[in-house]
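First the structure, in the form of structure tokens, and then the observations on it.
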Amino acid sequence: MADTQPSQTEIAEALSVTADLQFELPDPYDEEIEEEEFFRRVDDVWRVCDRFDLQTDIWRGRILRAVRDREKKRGEGRGSGFLNWLKQRDITKSQAYALIQLANSADALLAEGNLSFEAINNFSKRAFLETAKAQPEIQKLVSEEAQKGKRITRREVKQLTEEYTAINSELLPDTVKEKAVDGSLPPRHLAPLVKELEKLPPPQIEEIQREIESNPHLDTVKQMTSTAKNLSRYFDAVARVETIRNSPLDISAALEEAMRLDCLSLTADLVKQATHLEQLVVKLYTLWKKLGSLADRLYVETGSSTPHLRSLLSCLEKLTSEVIEVPLDEQGSKTIRLRIVEE
């Protein structure tokens, strides 16, 4: 395992650099500066700040991890010492653990031996975070590019991820993978398809695979990606609608008919809205019960000496009674009535 800790000399050299960063930014009002030159100079400064920010946050995470671990071992009160330490420095618990996770990710990447501490300077902060969350194979690919001195932004991480996915996913037919390798099918279009296929049951996956294998062109990929997305929305929504779950409906047969009539997207939207309506009804019932309970308590605690409060309760009876009445517009010309029947 590679040593991820710098020497005392390296730390001293780092601390000898002034923390006050001073840059000379190009004048945004200077018309003599060409557009390309202006943004080149701005980008150069941005990269330095990005690198400085990343290195600082990694070390903050290491510091926080050390304090947390010491308090965990020697402190009392189930981590209260660590929380007090954070409070003194105006750091929230979520911020602290996000920094600790960043430090853990950095140390893990360094420990693999594929990335040197100096190469971290080639990452933007967001790109490093994306790399830390990626699969080990993708981490290795990105680290190799960084080791070569290439600047790594989120675009490079995304591109390498898409290329790896298109070439290695078991959900894509071999003919499609071959086209991804030779560039005739761009990986950026295949990666979203794989992402949607991962959400589907085997029968639907196999059907899409047959379609794309028989016609391995970009238009087919886009169409199948849209189909896979609608299918995943359909299955996800159906699983959450209680009304459907408690009925003898043949979900697969309904799906086949929707696809045969080319109205899968419409069907998926219908079921998705049904989930929203069920959730709203449950929320409505909960609020109605709470409002009624509060009104009953206020009625008991008041009397004839509080006519205005009694008047308030009378006005709200349109919301607390069995039939709820709510105006649909400011003029009150249209009213909606809902009857709540408890069983």
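Identifiers for the structure tokens are assigned positionally: chains receive A, B, ... in sequence, residues are indexed from 1 per chain, and ligands are indexed from 1 in the order shown.
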Members of range 151-306 of chain A assigned helix (DSSP H, G or I) by DSSP, as an NGL selection string: :A and (154-168 or 174-182 or 187-197 or 202-214 or 218-240 or 242-245 or 251-260 or 264-301)
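You can rank A:Lys195, A:Arg60, A:Lys272, A:Arg188 by their closest distance to Gln159 in chain A using only C-alpha atoms, and at the top of that list sits A:Arg188.
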Nearest candidate to Gln204 in chain A (options A:Val48, A:Leu255, A:Ala132, A:Val142; using only C-alpha atoms):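 Using only C-alpha atoms, Gln204 in chain A sits closest to A:Leu255.
Rounded to one decimal, CA of Pro201 in chain A and CA of Pro187 in chain A lie 23.3 Å from each other.
One finds CA of Pro173 in chain A at 6.2 Å from CA of Glu213 in chain A.
Closest approach to Lys289 in chain A among A:Ala274, A:Leu109, A:Ile212, A:Leu319: A:Leu319, based on only C-alpha atoms.
Residues in contact with range 150-154 of chain A at 7 Å, where only C-alpha atoms are counted and same-chain residues fewer than 4 positions away are skipped, are listed as A:Asn122, A:Phe123, A:Ser124, A:Arg126, A:Ala127, A:Glu145, A:Ala146, A:Lys158.
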Could you write out that same residue set with N, CA and C atoms as a PDB file, in the first residue's frame?
ATOM      1  N   ASN A 122      -4.264  17.994 -10.891  1.00  0.00           N
ATOM      2  CA  ASN A 122      -4.818  18.038 -12.243  1.00  0.00           C
ATOM      3  C   ASN A 122      -6.344  17.918 -12.257  1.00  0.00           C
ATOM      4  N   PHE A 123      -6.951  17.692 -11.093  1.00  0.00           N
ATOM      5  CA  PHE A 123      -8.402  17.561 -10.990  1.00  0.00           C
ATOM      6  C   PHE A 123      -9.056  18.887 -10.623  1.00  0.00           C
ATOM      7  N   SER A 124     -10.239  19.119 -11.172  1.00  0.00           N
ATOM      8  CA  SER A 124     -11.106  20.133 -10.571  1.00  0.00           C
ATOM      9  C   SER A 124     -11.763  19.459  -9.368  1.00  0.00           C
ATOM     10  N   ARG A 126     -14.935  19.231  -8.442  1.00  0.00           N
ATOM     11  CA  ARG A 126     -16.106  18.434  -8.800  1.00  0.00           C
ATOM     12  C   ARG A 126     -15.715  17.162  -9.534  1.00  0.00           C
ATOM     13  N   ALA A 127     -14.705  17.252 -10.368  1.00  0.00           N
ATOM     14  CA  ALA A 127     -14.252  16.068 -11.097  1.00  0.00           C
ATOM     15  C   ALA A 127     -13.689  15.033 -10.137  1.00  0.00           C
ATOM     16  N   GLU A 145      -5.243   9.079 -16.679  1.00  0.00           N
ATOM     17  CA  GLU A 145      -5.204  10.327 -17.452  1.00  0.00           C
ATOM     18  C   GLU A 145      -4.602  11.464 -16.630  1.00  0.00           C
ATOM     19  N   ALA A 146      -4.954  11.496 -15.339  1.00  0.00           N
ATOM     20  CA  ALA A 146      -4.415  12.541 -14.463  1.00  0.00           C
ATOM     21  C   ALA A 146      -2.914  12.375 -14.282  1.00  0.00           C
ATOM     22  N   LYS A 158     -17.022  12.269 -17.221  1.00  0.00           N
ATOM     23  CA  LYS A 158     -18.252  11.824 -17.882  1.00  0.00           C
ATOM     24  C   LYS A 158     -17.923  11.063 -19.171  1.00  0.00           C
TER      25      LYS A 158
END
Residue with smallest distance to Lys318 in chain A - pool A:Thr335, A:Thr175, A:Gln88, A:Gln223, counting only C-alpha atoms: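 Of A:Thr335, A:Thr175, A:Gln88, A:Gln223, the one nearest Lys318 in chain A is A:Thr335, counting only C-alpha atoms.
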Atom-to-atom span, CA of Asp296 in chain A and CA of Arg339 in chain A, Å: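 These atoms are spaced 19.5 Å apart.
Among A:Leu115, A:Ala228, A:Asp329, A:Trp288, the residue with the shortest atom-to-atom distance to Leu316 in chain A, counting only C-alpha atoms, is A:Trp288.
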Counting only C-alpha atoms, the residue of A:Ile167, A:Cys263, A:Cys315, A:Leu102 that sits nearest Arg62 in chain A: A:Leu102
Distance query Ala66 in chain A at most 12 Å, only C-alpha atoms, self and fewer than 3 positions along chain excluded, as a list in words: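 Neighbouring residues, sequence-local ones excluded: Trp59, Arg60, Gly61, Arg62, Ile63, Asp69, Arg70, Glu71, Lys72, Lys73, Phe82, Trp85, Ala96, Ile100, Ala103 and Asn104 of chain A.
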Next, the residues of the selection above should be written as a PDB file, in the first residue's frame with N, CA and C atoms.
ATOM      1  N   TRP A  59      -7.427  18.090   3.196  1.00  0.00           N
ATOM      2  CA  TRP A  59      -6.745  18.172   4.488  1.00  0.00           C
ATOM      3  C   TRP A  59      -7.720  18.498   5.622  1.00  0.00           C
ATOM      4  N   ARG A  60      -8.729  19.300   5.355  1.00  0.00           N
ATOM      5  CA  ARG A  60      -9.741  19.547   6.381  1.00  0.00           C
ATOM      6  C   ARG A  60     -10.441  18.236   6.754  1.00  0.00           C
ATOM      7  N   GLY A  61     -10.724  17.430   5.742  1.00  0.00           N
ATOM      8  CA  GLY A  61     -11.359  16.136   6.008  1.00  0.00           C
ATOM      9  C   GLY A  61     -10.487  15.234   6.846  1.00  0.00           C
ATOM     10  N   ARG A  62      -9.179  15.224   6.571  1.00  0.00           N
ATOM     11  CA  ARG A  62      -8.253  14.424   7.362  1.00  0.00           C
ATOM     12  C   ARG A  62      -8.189  14.913   8.804  1.00  0.00           C
ATOM     13  N   ILE A  63      -8.193  16.226   8.975  1.00  0.00           N
ATOM     14  CA  ILE A  63      -8.180  16.797  10.327  1.00  0.00           C
ATOM     15  C   ILE A  63      -9.447  16.401  11.082  1.00  0.00           C
ATOM     16  N   ASP A  69     -12.016  10.473  15.364  1.00  0.00           N
ATOM     17  CA  ASP A  69     -11.531   9.169  15.816  1.00  0.00           C
ATOM     18  C   ASP A  69     -10.970   9.238  17.230  1.00  0.00           C
ATOM     19  N   ARG A  70     -10.296  10.355  17.546  1.00  0.00           N
ATOM     20  CA  ARG A  70      -9.751  10.486  18.902  1.00  0.00           C
ATOM     21  C   ARG A  70     -10.881  10.623  19.910  1.00  0.00           C
ATOM     22  N   GLU A  71     -11.890  11.415  19.589  1.00  0.00           N
ATOM     23  CA  GLU A  71     -13.023  11.590  20.501  1.00  0.00           C
ATOM     24  C   GLU A  71     -13.802  10.287  20.653  1.00  0.00           C
ATOM     25  N   LYS A  72     -13.861   9.522  19.547  1.00  0.00           N
ATOM     26  CA  LYS A  72     -14.581   8.243  19.590  1.00  0.00           C
ATOM     27  C   LYS A  72     -13.893   7.269  20.551  1.00  0.00           C
ATOM     28  N   LYS A  73     -12.550   7.326  20.563  1.00  0.00           N
ATOM     29  CA  LYS A  73     -11.793   6.391  21.391  1.00  0.00           C
ATOM     30  C   LYS A  73     -11.662   6.859  22.832  1.00  0.00           C
ATOM     31  N   PHE A  82     -16.708  15.694  19.807  1.00  0.00           N
ATOM     32  CA  PHE A  82     -16.511  16.010  18.395  1.00  0.00           C
ATOM     33  C   PHE A  82     -17.523  17.055  17.926  1.00  0.00           C
ATOM     34  N   TRP A  85     -16.547  20.372  19.197  1.00  0.00           N
ATOM     35  CA  TRP A  85     -15.403  20.871  18.424  1.00  0.00           C
ATOM     36  C   TRP A  85     -15.886  21.498  17.124  1.00  0.00           C
ATOM     37  N   ALA A  96     -19.047  18.385   7.971  1.00  0.00           N
ATOM     38  CA  ALA A  96     -17.887  17.651   8.484  1.00  0.00           C
ATOM     39  C   ALA A  96     -17.774  16.277   7.850  1.00  0.00           C
ATOM     40  N   ILE A 100     -14.941  14.549   5.492  1.00  0.00           N
ATOM     41  CA  ILE A 100     -14.309  13.286   5.880  1.00  0.00           C
ATOM     42  C   ILE A 100     -14.427  12.270   4.745  1.00  0.00           C
ATOM     43  N   ALA A 103     -11.879  13.094   2.155  1.00  0.00           N
ATOM     44  CA  ALA A 103     -10.545  12.651   2.570  1.00  0.00           C
ATOM     45  C   ALA A 103     -10.409  11.139   2.435  1.00  0.00           C
ATOM     46  N   ASN A 104     -11.449  10.403   2.815  1.00  0.00           N
ATOM     47  CA  ASN A 104     -11.420   8.943   2.679  1.00  0.00           C
ATOM     48  C   ASN A 104     -11.263   8.537   1.218  1.00  0.00           C
TER      49      ASN A 104
END
Close residues, Glu242 in chain A itself excluded, 10 Å, only C-alpha atoms, min 4 positions apart in chain, as a PyMOL selection string: chain A and resi 238+246-247+274-275+278-279
Write to file, as a compact mmCIF listing (two decimals), in the first residue's frame, the residues of the selection just made, with N, CA and C atoms.
# COMPACT_ATOMS: atom_id res chain seq x y z
N VAL A 238 -46.43 1.88 -11.17
CA VAL A 238 -47.38 0.80 -10.89
C VAL A 238 -47.12 0.18 -9.52
N ASN A 246 -54.11 -3.50 -5.28
CA ASN A 246 -55.21 -4.23 -4.66
C ASN A 246 -56.29 -4.63 -5.66
N SER A 247 -55.93 -4.63 -6.95
CA SER A 247 -56.91 -4.99 -7.98
C SER A 247 -56.40 -6.19 -8.79
N ALA A 274 -51.39 9.06 -10.97
CA ALA A 274 -52.20 8.33 -10.00
C ALA A 274 -51.47 8.20 -8.66
N THR A 275 -50.16 7.98 -8.72
CA THR A 275 -49.38 7.90 -7.47
C THR A 275 -49.42 9.24 -6.74
N GLU A 278 -52.89 9.70 -5.06
CA GLU A 278 -53.02 8.90 -3.84
C GLU A 278 -52.27 9.54 -2.67
N GLN A 279 -51.07 10.00 -2.95
CA GLN A 279 -50.27 10.63 -1.90
C GLN A 279 -50.93 11.90 -1.39
